[in-house]
$ cat work.txt   # compact mmCIF, C-alpha atoms and all ligand atoms
# COMPACT_ATOMS: atom_id res chain seq x y z
CA MET Q 26 -66.78 108.30 -6.62
CA LYS Q 27 -68.37 105.08 -5.42
CA LEU Q 28 -66.94 101.68 -6.35
CA SER Q 29 -68.97 98.47 -6.49
CA ILE Q 30 -67.24 95.12 -6.25
CA VAL Q 31 -69.09 92.06 -7.48
CA ILE Q 32 -68.11 88.56 -6.35
CA PRO Q 33 -69.91 85.39 -7.49
CA CYS Q 34 -69.70 82.58 -4.93
CA PHE Q 35 -70.59 78.96 -5.29
CA ASN Q 36 -69.68 76.88 -2.24
CA GLU Q 37 -66.88 79.21 -1.21
CA GLU Q 38 -67.20 79.10 2.58
CA LEU Q 39 -63.45 78.51 2.91
CA VAL Q 40 -62.50 81.74 1.17
CA ILE Q 41 -65.30 84.19 2.01
CA ASP Q 42 -63.70 85.60 5.16
CA GLU Q 43 -60.28 86.01 3.61
CA VAL Q 44 -61.55 87.76 0.47
CA TYR Q 45 -63.57 90.10 2.68
CA ARG Q 46 -60.53 90.89 4.84
CA ARG Q 47 -58.31 91.56 1.83
CA LEU Q 48 -60.89 93.73 0.10
CA MET Q 49 -61.87 95.72 3.18
CA THR Q 50 -58.26 96.58 3.98
CA LEU Q 51 -57.67 97.57 0.37
CA MET Q 52 -60.86 99.63 0.07
CA ASN Q 53 -60.18 101.49 3.29
CA SER Q 54 -56.70 102.37 2.05
CA TYR Q 55 -58.23 103.63 -1.23
CA VAL Q 56 -60.71 105.77 0.72
CA GLU Q 57 -57.85 107.19 2.81
CA LYS Q 58 -55.90 108.01 -0.35
CA ALA Q 59 -59.09 109.58 -1.75
CA LEU Q 60 -58.89 107.29 -4.78
CA ILE Q 61 -62.52 106.42 -4.08
CA GLY Q 62 -65.17 108.11 -1.96
CA ASP Q 63 -67.23 105.09 -0.98
CA TYR Q 64 -67.56 101.41 -1.85
CA GLU Q 65 -69.86 98.41 -1.65
CA ILE Q 66 -68.99 94.73 -1.88
CA ILE Q 67 -71.76 92.69 -3.50
CA TYR Q 68 -71.54 88.95 -2.98
CA VAL Q 69 -73.76 86.76 -5.13
CA ASP Q 70 -74.46 83.39 -3.57
CA ASP Q 71 -75.13 81.13 -6.56
CA GLY Q 72 -77.17 78.53 -4.69
CA SER Q 73 -74.35 77.32 -2.47
CA THR Q 74 -75.02 74.23 -0.41
CA ASP Q 75 -72.29 74.84 2.16
CA GLY Q 76 -71.97 77.61 4.75
CA THR Q 77 -71.46 80.41 2.19
CA LEU Q 78 -74.79 82.14 2.81
CA SER Q 79 -74.49 82.09 6.59
CA ALA Q 80 -70.96 83.48 6.33
CA LEU Q 81 -72.34 86.27 4.13
CA ARG Q 82 -75.13 86.97 6.61
CA ARG Q 83 -72.56 87.27 9.38
CA ILE Q 84 -70.28 89.61 7.44
CA ALA Q 85 -73.14 91.74 6.11
CA GLY Q 86 -74.59 91.97 9.60
CA ALA Q 87 -71.41 93.58 10.87
CA ASP Q 88 -70.51 95.79 7.89
CA LYS Q 89 -73.00 97.83 5.88
CA HIS Q 90 -70.56 98.03 2.96
CA VAL Q 91 -71.27 94.37 2.36
CA LYS Q 92 -74.37 93.41 0.40
CA ALA Q 93 -75.47 89.98 -0.68
CA ILE Q 94 -77.77 88.45 -3.24
CA SER Q 95 -78.81 84.87 -2.77
CA PHE Q 96 -80.15 82.80 -5.67
CA SER Q 97 -82.87 80.19 -5.36
CA GLY Q 98 -80.47 77.62 -6.83
CA ASN Q 99 -77.28 77.20 -8.85
CA PHE Q 100 -77.64 79.29 -12.01
CA GLY Q 101 -73.96 79.44 -12.91
CA HIS Q 102 -71.04 81.83 -12.86
CA GLN Q 103 -72.23 84.12 -15.69
CA PRO Q 104 -75.78 84.61 -14.33
CA ALA Q 105 -74.27 85.30 -10.88
CA LEU Q 106 -72.01 87.98 -12.35
CA THR Q 107 -74.97 89.40 -14.26
CA ALA Q 108 -77.09 89.72 -11.13
CA GLY Q 109 -74.27 91.40 -9.23
CA LEU Q 110 -73.61 93.90 -12.01
CA TYR Q 111 -77.34 94.68 -12.33
CA HIS Q 112 -77.37 95.57 -8.65
CA ALA Q 113 -74.17 97.59 -8.66
CA GLY Q 114 -74.96 101.09 -7.46
CA GLY Q 115 -71.48 102.57 -7.92
CA ASP Q 116 -69.99 104.86 -10.55
CA MET Q 117 -67.68 101.99 -11.43
CA ALA Q 118 -67.94 98.26 -10.81
CA VAL Q 119 -65.26 95.57 -10.66
CA SER Q 120 -66.06 91.86 -10.89
CA LEU Q 121 -63.69 89.25 -9.55
CA ASP Q 122 -63.67 85.62 -8.43
CA ALA Q 123 -64.12 84.67 -4.81
CA ASP Q 124 -61.04 82.48 -4.59
CA LEU Q 125 -58.46 85.32 -4.66
CA GLN Q 126 -56.89 84.06 -7.88
CA ASP Q 127 -57.38 87.57 -9.19
CA PRO Q 128 -55.31 89.79 -6.87
CA PRO Q 129 -57.56 92.70 -5.75
CA GLU Q 130 -54.51 94.96 -5.38
CA ILE Q 131 -54.61 95.93 -9.07
CA ILE Q 132 -58.06 97.51 -8.72
CA GLY Q 133 -56.40 100.88 -8.00
CA GLU Q 134 -54.60 100.67 -11.34
CA MET Q 135 -57.91 99.81 -13.04
CA ILE Q 136 -59.61 102.84 -11.50
CA LYS Q 137 -56.83 105.10 -12.78
CA ARG Q 138 -57.23 103.73 -16.31
CA CYS Q 139 -60.96 104.38 -16.08
CA GLU Q 140 -60.38 107.94 -14.92
CA ASP Q 141 -58.02 108.34 -17.87
CA GLY Q 142 -60.97 107.67 -20.17
CA ALA Q 143 -61.44 103.91 -20.57
CA ASP Q 144 -64.98 102.66 -19.95
CA ILE Q 145 -63.93 99.01 -19.73
CA VAL Q 146 -60.68 97.91 -18.10
CA TYR Q 147 -59.77 94.27 -18.63
CA GLY Q 148 -57.66 92.34 -16.17
CA VAL Q 149 -55.36 90.18 -18.25
CA ARG Q 150 -53.13 87.48 -16.80
CA ASP Q 151 -49.52 87.67 -17.84
CA ASP Q 152 -49.09 83.91 -18.26
CA ARG Q 153 -50.79 80.61 -17.50
CA GLN Q 154 -48.15 79.10 -15.24
CA GLU Q 155 -50.72 78.51 -12.49
CA ASP Q 156 -52.86 76.29 -14.73
CA GLY Q 157 -52.31 72.61 -15.34
CA PHE Q 158 -51.06 71.52 -18.76
CA PHE Q 159 -54.52 70.46 -19.94
CA LYS Q 160 -56.27 73.70 -18.97
CA ARG Q 161 -53.45 75.78 -20.44
CA VAL Q 162 -53.57 74.06 -23.83
CA THR Q 163 -57.36 73.93 -24.12
CA ALA Q 164 -57.82 77.52 -22.95
CA THR Q 165 -55.24 78.85 -25.40
CA ALA Q 166 -56.80 76.84 -28.24
CA PHE Q 167 -60.22 78.20 -27.30
CA TYR Q 168 -59.11 81.85 -27.55
CA LYS Q 169 -57.32 81.17 -30.84
CA ILE Q 170 -60.30 79.38 -32.42
CA MET Q 171 -62.73 82.05 -31.26
CA THR Q 172 -60.54 84.73 -32.82
CA LEU Q 173 -60.31 82.76 -36.07
CA MET Q 174 -64.10 82.57 -36.17
CA GLY Q 175 -64.29 86.32 -35.86
CA VAL Q 176 -65.28 86.71 -32.19
CA ASN Q 177 -63.68 89.67 -30.50
CA LEU Q 178 -62.05 88.31 -27.33
CA ILE Q 179 -59.31 89.71 -25.12
CA PHE Q 180 -56.61 87.04 -24.93
CA ASN Q 181 -56.15 85.65 -21.40
CA HIS Q 182 -58.85 87.85 -19.95
CA ALA Q 183 -61.45 86.09 -17.82
CA ASP Q 184 -64.09 87.87 -15.78
CA TYR Q 185 -61.85 90.24 -13.83
CA ARG Q 186 -62.79 93.65 -15.21
CA LEU Q 187 -63.82 97.17 -14.32
CA LEU Q 188 -66.85 98.81 -15.90
CA SER Q 189 -67.77 102.48 -15.88
CA ARG Q 190 -71.36 103.57 -15.26
CA PRO Q 191 -72.07 104.01 -19.02
CA ALA Q 192 -70.78 100.47 -19.69
CA LEU Q 193 -72.88 99.09 -16.81
CA ASP Q 194 -75.98 100.82 -18.16
CA ALA Q 195 -75.30 99.45 -21.65
CA PHE Q 196 -74.91 95.97 -20.19
CA GLN Q 197 -78.44 96.14 -18.75
CA ARG Q 198 -79.83 96.49 -22.24
CA TYR Q 199 -78.58 93.08 -23.36
CA GLY Q 200 -81.59 90.81 -23.13
CA GLU Q 201 -80.10 87.46 -24.06
CA VAL Q 202 -80.54 84.43 -21.86
CA ASN Q 203 -77.39 82.66 -23.06
CA ARG Q 204 -74.62 84.72 -21.59
CA PHE Q 205 -70.95 84.76 -22.34
CA LEU Q 206 -69.80 87.97 -20.71
CA ARG Q 207 -66.24 88.01 -21.99
CA GLY Q 208 -67.63 88.10 -25.52
CA MET Q 209 -70.36 90.64 -24.72
CA PHE Q 210 -68.16 93.41 -23.36
CA PRO Q 211 -65.71 93.67 -26.27
CA SER Q 212 -68.71 93.76 -28.63
CA MET Q 213 -70.12 96.87 -26.92
CA GLY Q 214 -67.70 99.36 -28.35
CA PHE Q 215 -66.36 101.79 -25.70
CA LYS Q 216 -62.77 102.71 -25.12
CA HIS Q 217 -60.93 100.00 -23.24
CA ALA Q 218 -57.66 99.51 -21.40
CA VAL Q 219 -55.79 96.49 -20.08
CA VAL Q 220 -54.09 95.89 -16.75
CA THR Q 221 -51.95 92.76 -16.51
CA TYR Q 222 -51.55 90.69 -13.38
CA LYS Q 223 -50.18 87.43 -12.18
CA ARG Q 224 -52.89 84.91 -11.44
CA GLU Q 225 -52.46 83.32 -8.02
CA LYS Q 226 -53.28 79.86 -6.79
CA ARG Q 227 -56.77 79.32 -5.44
CA PHE Q 228 -56.70 80.46 -1.80
CA ALA Q 229 -58.70 77.46 -0.55
CA GLY Q 230 -61.28 74.95 -1.74
CA THR Q 231 -61.46 73.36 -5.18
CA THR Q 232 -62.40 74.62 -8.62
CA LYS Q 233 -66.12 75.08 -9.30
CA TYR Q 234 -65.47 74.61 -13.03
CA PRO Q 235 -65.17 70.89 -13.69
CA LEU Q 236 -64.47 69.72 -17.27
CA LYS Q 237 -68.17 69.38 -18.07
CA LYS Q 238 -68.88 73.02 -17.16
CA MET Q 239 -65.78 74.14 -19.07
CA VAL Q 240 -66.88 72.39 -22.27
CA SER Q 241 -70.41 73.77 -22.09
CA PHE Q 242 -68.96 77.22 -21.41
CA ALA Q 243 -66.83 76.95 -24.58
CA VAL Q 244 -69.81 75.79 -26.70
CA GLU Q 245 -71.85 78.62 -25.18
CA GLY Q 246 -69.18 81.11 -26.18
CA ILE Q 247 -69.04 79.90 -29.76
CA THR Q 248 -72.74 79.50 -30.45
CA SER Q 249 -73.66 82.75 -28.70
CA PHE Q 250 -71.23 84.83 -30.65
CA THR Q 251 -70.68 83.50 -34.14
CA ASN Q 252 -72.53 81.88 -37.01
CA PHE Q 253 -69.23 80.61 -38.34
CA PRO Q 254 -70.04 76.88 -37.84
CA LEU Q 255 -73.28 77.36 -39.80
CA ARG Q 256 -71.43 79.10 -42.58
CA LEU Q 257 -68.86 76.30 -42.55
CA ALA Q 258 -71.73 73.86 -43.20
CA PHE Q 259 -72.67 75.81 -46.29
CA VAL Q 260 -69.08 76.03 -47.57
CA LEU Q 261 -68.42 72.32 -47.07
CA GLY Q 262 -71.78 71.46 -48.59
CA PHE Q 263 -70.97 73.59 -51.60
CA VAL Q 264 -67.54 72.02 -52.08
CA ASN Q 265 -69.15 68.59 -51.85
CA PHE Q 266 -71.76 69.55 -54.37
CA ALA Q 267 -69.14 70.82 -56.81
CA ALA Q 268 -67.11 67.64 -56.40
CA ALA Q 269 -70.26 65.56 -56.96
CA VAL Q 270 -70.97 67.39 -60.24
CA VAL Q 271 -67.43 66.71 -61.51
CA LEU Q 272 -67.63 63.08 -60.43
CA GLY Q 273 -71.02 62.74 -62.09
CA LEU Q 274 -69.68 64.10 -65.38
CA TRP Q 275 -66.74 61.77 -65.16
CA ALA Q 276 -69.02 58.77 -64.51
CA LEU Q 277 -71.24 59.74 -67.43
CA ALA Q 278 -68.26 60.09 -69.76
CA THR Q 279 -66.87 56.74 -68.66
CA LYS Q 280 -70.23 55.12 -69.28
CA LEU Q 281 -70.59 56.69 -72.73
CA GLU Q 282 -67.15 55.39 -73.61
CA GLY Q 283 -68.39 51.95 -72.60
CA GLY Q 284 -65.78 51.45 -69.93
CA ALA Q 285 -68.03 51.43 -66.87
CA VAL Q 286 -67.18 48.80 -64.28
CA PRO Q 287 -69.80 48.19 -61.63
CA GLY Q 288 -68.03 49.48 -58.54
CA TRP Q 289 -68.78 49.01 -54.93
CA ALA Q 290 -66.35 51.56 -53.58
CA SER Q 291 -67.61 54.41 -55.72
CA ILE Q 292 -71.12 53.89 -54.38
CA VAL Q 293 -70.39 53.22 -50.76
CA LEU Q 294 -67.70 55.84 -50.13
CA PRO Q 295 -69.86 58.85 -51.03
CA ILE Q 296 -72.64 57.48 -48.84
CA TYR Q 297 -70.28 57.40 -45.88
CA LEU Q 298 -68.83 60.76 -46.70
CA PHE Q 299 -72.07 62.62 -47.27
CA GLY Q 300 -73.84 60.81 -44.47
CA GLY Q 301 -71.11 61.84 -42.09
CA ILE Q 302 -71.03 65.44 -43.18
CA GLN Q 303 -74.81 65.73 -43.05
CA LEU Q 304 -75.04 64.26 -39.58
CA MET Q 305 -72.26 66.47 -38.35
CA PHE Q 306 -73.95 69.63 -39.51
CA ILE Q 307 -77.37 68.55 -38.35
CA GLY Q 308 -75.58 68.49 -35.00
CA VAL Q 309 -74.32 72.03 -35.52
CA LEU Q 310 -77.79 73.17 -36.54
CA SER Q 311 -79.39 71.57 -33.50
CA GLU Q 312 -76.98 73.46 -31.29
CA TYR Q 313 -78.24 76.76 -32.70
CA VAL Q 314 -81.89 75.70 -32.82
CA GLY Q 315 -81.56 74.72 -29.16
CA LYS Q 316 -80.18 78.16 -28.47
CA ILE Q 317 -83.09 79.85 -30.24
CA TYR Q 318 -85.46 77.68 -28.23
CA MET Q 319 -83.91 78.85 -24.98
CA GLU Q 320 -83.96 82.50 -26.06
CA VAL Q 321 -87.58 82.36 -27.25
CA LYS Q 322 -88.69 81.06 -23.88
CA HIS Q 323 -87.08 84.13 -22.39
CA ARG Q 324 -86.59 82.52 -19.03
CA PRO Q 325 -85.10 84.61 -16.23
CA VAL Q 326 -81.30 84.52 -16.23
CA PHE Q 327 -81.36 84.13 -12.45
CA ILE Q 328 -83.88 84.01 -9.63
CA ILE Q 329 -83.18 85.83 -6.38
CA ARG Q 330 -84.54 84.41 -3.17
CA GLU Q 331 -83.15 87.01 -0.80
CA THR Q 332 -81.12 90.21 -0.78
CA ILE Q 333 -79.20 91.61 2.17
CA ASN Q 334 -78.34 95.27 2.92
CA PHE Q 335 -79.46 96.75 -0.40
CA ASP Q 336 -81.11 100.16 -0.62
CA LYS Q 337 -84.81 99.97 -1.38
CA ASP Q 338 -84.57 100.73 -5.10
CA GLN Q 339 -81.13 99.39 -5.88
CA GLY Q 340 -80.91 96.83 -8.66
CA LYS Q 341 -83.33 95.71 -11.31
CA SER Q 342 -84.22 92.28 -12.55
CA PRO Q 343 -83.67 91.51 -16.25
N1 LIG R 401 -68.90 80.14 -9.58
C1 LIG R 401 -70.26 80.42 -9.47
N2 LIG R 401 -71.17 79.50 -9.94
C2 LIG R 401 -70.79 78.32 -10.51
C3 LIG R 401 -69.40 78.05 -10.64
C4 LIG R 401 -68.49 78.99 -10.16
O1 LIG R 401 -70.65 81.47 -8.97
O2 LIG R 401 -71.66 77.54 -10.90
C5 LIG R 401 -67.92 81.13 -9.07
C6 LIG R 401 -66.92 80.59 -8.07
O3 LIG R 401 -67.41 80.61 -6.77
C7 LIG R 401 -65.73 81.52 -8.27
C8 LIG R 401 -65.82 81.87 -9.76
O4 LIG R 401 -67.14 81.55 -10.16
O5 LIG R 401 -65.88 82.72 -7.52
C9 LIG R 401 -64.81 81.12 -10.60
O6 LIG R 401 -64.84 79.75 -10.30
P1 LIG R 401 -63.54 78.89 -10.02
O7 LIG R 401 -62.54 79.72 -9.28
O8 LIG R 401 -63.94 77.62 -9.34
O9 LIG R 401 -63.05 78.61 -11.50
P2 LIG R 401 -61.53 78.42 -12.00
O10 LIG R 401 -60.75 79.59 -11.45
O11 LIG R 401 -61.07 77.12 -11.44
O12 LIG R 401 -61.64 78.43 -13.48
MG MG R 402 -60.68 80.18 -9.57
$ encode --input "work.txt" --output "C-alpha cells" --more "lines below"
Ligand code: UDP
Ligand code: MG
Amino acid sequence: MKLSIVIPCFNEELVIDEVYRRLMTLMNSYVEKALIGDYEIIYVDDGSTDGTLSALRRIAGADKHVKAISFSGNFGHQPALTAGLYHAGGDMAVSLDADLQDPPEIIGEMIKRCEDGADIVYGVRDDRQEDGFFKRVTATAFYKIMTLMGVNLIFNHADYRLLSRPALDAFQRYGEVNRFLRGMFPSMGFKHAVVTYKREKRFAGTTKYPLKKMVSFAVEGITSFTNFPLRLAFVLGFVNFAAAVVLGLWALATKLEGGAVPGWASIVLPIYLFGGIQLMFIGVLSEYVGKIYMEVKHRPVFIIRETINFDKDQGKSP
C-alpha cells in the first residue's frame, strides 16, 4: 500500500523543514510497522515569493520520497490541493496544511479507518480553542448557515482528510473551476469515517488566510453549492407581491368609500422597500452570473511551471 501526502504551501519557508522532519519520521515508523508499504510527500508551491521553492528543491534533491509541484503564481489553497491530489500516485492520499496545525500523527488512525471500509476519512477538530474569538464565531456561523441552506458539510472539518483511490479517481471527474473541496467530498457519496484531533498552534509564520480571503472563501462555498439565495429571492418576491395585492385591494376599497387621503408615506415606503429588495437580489443574481461566467470560460484551475521528482506519467492536468 502506497500513501501520498499532499501539502499546499504559500510562503511557508519557516515551516517546510519541520513538517518534512515530522512526516518523514512518522512515515518511516509506519513502514517499519508495515502499516504502509511506501509513501510520497507532494508539496505544492502556490506561487510563494519567499524561500519555499528553494527549500523544496533542497529537500527533494536529498530524498526521492519528496515531490514538488510549483505553480506559475498564487492560485489559492483549493487549487493547490487540487493539483496535489491530481498528482497523487498512491492507493490513498492525505491532504494537510503546511503549518503543522493538523497533527500528522493521526494519519495512522485514518489509514485504519480506510482499511475498515471508509473511502473518505475526515479529520475533525475537537474544539476551536486555538482560534481567536472572531474566527471561532464566524466559522461556526458559516457551518450552521451552510447546513441550513442544505449543503452537506462536516462540522469543524477543514481540508485534513484521507481519500481512497476510488475517491481520488472520482475527484478527477469534477470539472468545475470554482472549487470548494470541503463541500465537494461529502457530495460524492462513498462511505466515510471521522477521526477527531486537537488543532495545534501554527508552528511558525503567519496565517495565509486574511479576512478578505476568508470572506471570498465563504461566498465561494455558498454560491458553488446551493441555489438557496436565489430561491430566497423568489420567496421574498412572492410574499411582497401577495402583500402588494392585499394593500392594493385595501387602497381601492378606501377610495371607493371616499375616504382616501393623499399620503406621502404610503407611496414612499414601498418604493424604499421594493427598491431595496430588488437591489439586494440583483446582487445575489450577479454573484451567480459571475460564477457562470467563470465556469463558461473554463480556465485552468492552476498552472504548473515546474515539477520535481515525479515519475514520467504521474499526474494529469484538469
Ligand atoms: N495556502 C496556499 N495558498 C494560499 C493560502 C494558503 O497554498 O493562497 C496554504 C498555506 O500555506 C497552508 C494552508 O493553505 O498550508 C492553510 O493556510 P493557513 O494555515 O495560513 O490558514 P489558517 O490555518 O490560518 O486558516
Ligand atoms: Mg493554518
$ closest_atom_pairs --input "work.txt" --of "chain Q" --to "ligand MG 402 (chain R)" --cutoff "6 Å" --atoms "all atoms listed in the file" --output "CSV"
residue,atom,partner,partner_atom,distance
Q:Asp124,CA,R:MG402,MG,5.5
Q:Gln126,CA,R:MG402,MG,5.7
Q:Arg227,CA,R:MG402,MG,5.8
Q:Thr232,CA,R:MG402,MG,5.9
$ axis_aligned_box --input "work.txt" --around "region 134-142 of chain Q" --padding-each-side "5 Å" --output "JSON"
{"center_x": -57.8, "center_y": 104.1, "center_z": -15.8, "size_x": 16.4, "size_y": 18.5, "size_z": 18.8}
$ residues_near_ligand --input "work.txt" --ligand "ligand LIG 401 (chain R)" --cutoff "7 Å" --atoms "all atoms listed in the file" --output "list in words"
Ile32, Pro33, Cys34, Phe35, Asn36, Glu37, Asp70, Asp71, Asn99, Phe100, Gly101, His102, Ala105, Asp122, Ala123, Asp124, Gln126, Arg227, Thr231, Thr232, Lys233 and Tyr234 of chain Q
$ closest_residue --input "work.txt" --among "Q:Phe159, Q:Tyr185, Q:Tyr168, Q:Phe259" --to "Tyr147 (chain Q)" --atoms "all atoms listed in the file"
Q:Tyr185
$ closest_atom_pairs --input "work.txt" --of "region 244-279 of chain Q" --to "region 202-215 of chain Q" --cutoff "12 Å" --atoms "only C-alpha atoms" --output "tab-separated table"
residue	atom	partner	partner_atom	distance
Q:Val244	CA	Q:Phe205	CA	10.0
Q:Glu245	CA	Q:Phe205	CA	6.8
Q:Gly246	CA	Q:Phe205	CA	5.6
Q:Ile247	CA	Q:Phe205	CA	9.1
Q:Thr248	CA	Q:Asn203	CA	9.3
Q:Ser249	CA	Q:Asn203	CA	6.8
Q:Phe250	CA	Q:Gly208	CA	7.1
Q:Thr251	CA	Q:Gly208	CA	10.2
$ closest_residue --input "work.txt" --among "Q:Ile317, Q:Gly273, Q:Ala278, Q:Lys92" --to "Ser291 (chain Q)" --atoms "all atoms listed in the file"
Q:Gly273
$ atom_distance --input "work.txt" --atom1 "CA of Leu28 (chain Q)" --atom2 "CA of Gly230 (chain Q)"
27.7 Å
$ atom_distance --input "work.txt" --atom1 "CA of Ala85 (chain Q)" --atom2 "CA of Tyr45 (chain Q)"
10.3 Å
$ closest_residue --input "work.txt" --among "Q:Ala143, Q:Ile94, Q:Ala164, Q:Leu281" --to "Phe327 (chain Q)" --atoms "all atoms listed in the file"
Q:Ile94
$ residues_near_point --input "work.txt" --point "(-57.9, 105.3, -4.5)" --cutoff "10 Å" --atoms "all atoms listed in the file" --output "ChimeraX atom specification"
/Q:26,28,51-63,132-134,136-137
$ closest_residue --input "work.txt" --among "Q:Gly315, Q:His323, Q:Arg138, Q:Leu236" --to "Lys160 (chain Q)" --atoms "all atoms listed in the file"
Q:Leu236
$ residues_near_point --input "work.txt" --point "(-77.2, 89.8, -10.0)" --cutoff "10 Å" --atoms "only C-alpha atoms" --output "PyMOL selection string"
chain Q and resi 31-33+67-71+93-96+103-113+326-329+340-343
$ write_last_selection --input "work.txt" --atoms "C-alpha atoms" --output "CSV table (one decimal), in the frame of the given file"
chain,number,residue,atom,x,y,z
Q,31,VAL,CA,-69.1,92.1,-7.5
Q,32,ILE,CA,-68.1,88.6,-6.4
Q,33,PRO,CA,-69.9,85.4,-7.5
Q,67,ILE,CA,-71.8,92.7,-3.5
Q,68,TYR,CA,-71.5,89.0,-3.0
Q,69,VAL,CA,-73.8,86.8,-5.1
Q,70,ASP,CA,-74.5,83.4,-3.6
Q,71,ASP,CA,-75.1,81.1,-6.6
Q,93,ALA,CA,-75.5,90.0,-0.7
Q,94,ILE,CA,-77.8,88.4,-3.2
Q,95,SER,CA,-78.8,84.9,-2.8
Q,96,PHE,CA,-80.2,82.8,-5.7
Q,103,GLN,CA,-72.2,84.1,-15.7
Q,104,PRO,CA,-75.8,84.6,-14.3
Q,105,ALA,CA,-74.3,85.3,-10.9
Q,106,LEU,CA,-72.0,88.0,-12.4
Q,107,THR,CA,-75.0,89.4,-14.3
Q,108,ALA,CA,-77.1,89.7,-11.1
Q,109,GLY,CA,-74.3,91.4,-9.2
Q,110,LEU,CA,-73.6,93.9,-12.0
Q,111,TYR,CA,-77.3,94.7,-12.3
Q,112,HIS,CA,-77.4,95.6,-8.6
Q,113,ALA,CA,-74.2,97.6,-8.7
Q,326,VAL,CA,-81.3,84.5,-16.2
Q,327,PHE,CA,-81.4,84.1,-12.4
Q,328,ILE,CA,-83.9,84.0,-9.6
Q,329,ILE,CA,-83.2,85.8,-6.4
Q,340,GLY,CA,-80.9,96.8,-8.7
Q,341,LYS,CA,-83.3,95.7,-11.3
Q,342,SER,CA,-84.2,92.3,-12.6
Q,343,PRO,CA,-83.7,91.5,-16.2
$ atom_distance --input "work.txt" --atom1 "CA of Asp42 (chain Q)" --atom2 "CA of Lys223 (chain Q)"
22.1 Å
$ closest_residue --input "work.txt" --among "Q:Thr279, Q:Ser29, Q:Ser241, Q:Thr332" --to "Val119 (chain Q)" --atoms "all atoms listed in the file"
Q:Ser29
$ decode --input "work.txt" --residues "region 303-315 of chain Q" --atoms "N, CA and C atoms" --output "CSV table (one decimal), in the first residue's frame"
chain,number,residue,atom,x,y,z
Q,303,GLN,N,-35.1,44.6,-4.4
Q,303,GLN,CA,-34.7,44.3,-5.8
Q,303,GLN,C,-33.2,44.5,-5.9
Q,304,LEU,N,-32.6,45.5,-5.4
Q,304,LEU,CA,-31.2,45.7,-5.5
Q,304,LEU,C,-30.5,44.6,-4.8
Q,305,MET,N,-31.0,44.2,-3.6
Q,305,MET,CA,-30.3,43.1,-2.9
Q,305,MET,C,-30.2,41.9,-3.7
Q,306,PHE,N,-31.3,41.5,-4.4
Q,306,PHE,CA,-31.3,40.3,-5.1
Q,306,PHE,C,-30.7,40.4,-6.5
Q,307,ILE,N,-30.6,41.6,-7.0
Q,307,ILE,CA,-29.8,41.7,-8.2
Q,307,ILE,C,-28.4,41.4,-7.9
Q,308,GLY,N,-28.0,41.8,-6.6
Q,308,GLY,CA,-26.7,41.5,-6.1
Q,308,GLY,C,-26.5,40.0,-6.1
Q,309,VAL,N,-27.5,39.3,-5.5
Q,309,VAL,CA,-27.4,37.8,-5.4
Q,309,VAL,C,-27.2,37.2,-6.8
Q,310,LEU,N,-28.1,37.7,-7.7
Q,310,LEU,CA,-28.1,37.2,-9.1
Q,310,LEU,C,-26.7,37.4,-9.7
Q,311,SER,N,-26.1,38.6,-9.5
Q,311,SER,CA,-24.8,38.9,-10.2
Q,311,SER,C,-23.8,37.9,-9.7
Q,312,GLU,N,-23.9,37.5,-8.4
Q,312,GLU,CA,-22.9,36.6,-7.8
Q,312,GLU,C,-22.9,35.3,-8.6
Q,313,TYR,N,-24.1,34.8,-8.9
Q,313,TYR,CA,-24.3,33.5,-9.6
Q,313,TYR,C,-23.9,33.7,-11.1
Q,314,VAL,N,-24.3,34.8,-11.7
Q,314,VAL,CA,-24.0,35.1,-13.1
Q,314,VAL,C,-22.5,35.1,-13.3
Q,315,GLY,N,-21.8,35.8,-12.3
Q,315,GLY,CA,-20.4,35.9,-12.3
Q,315,GLY,C,-19.8,34.5,-12.3
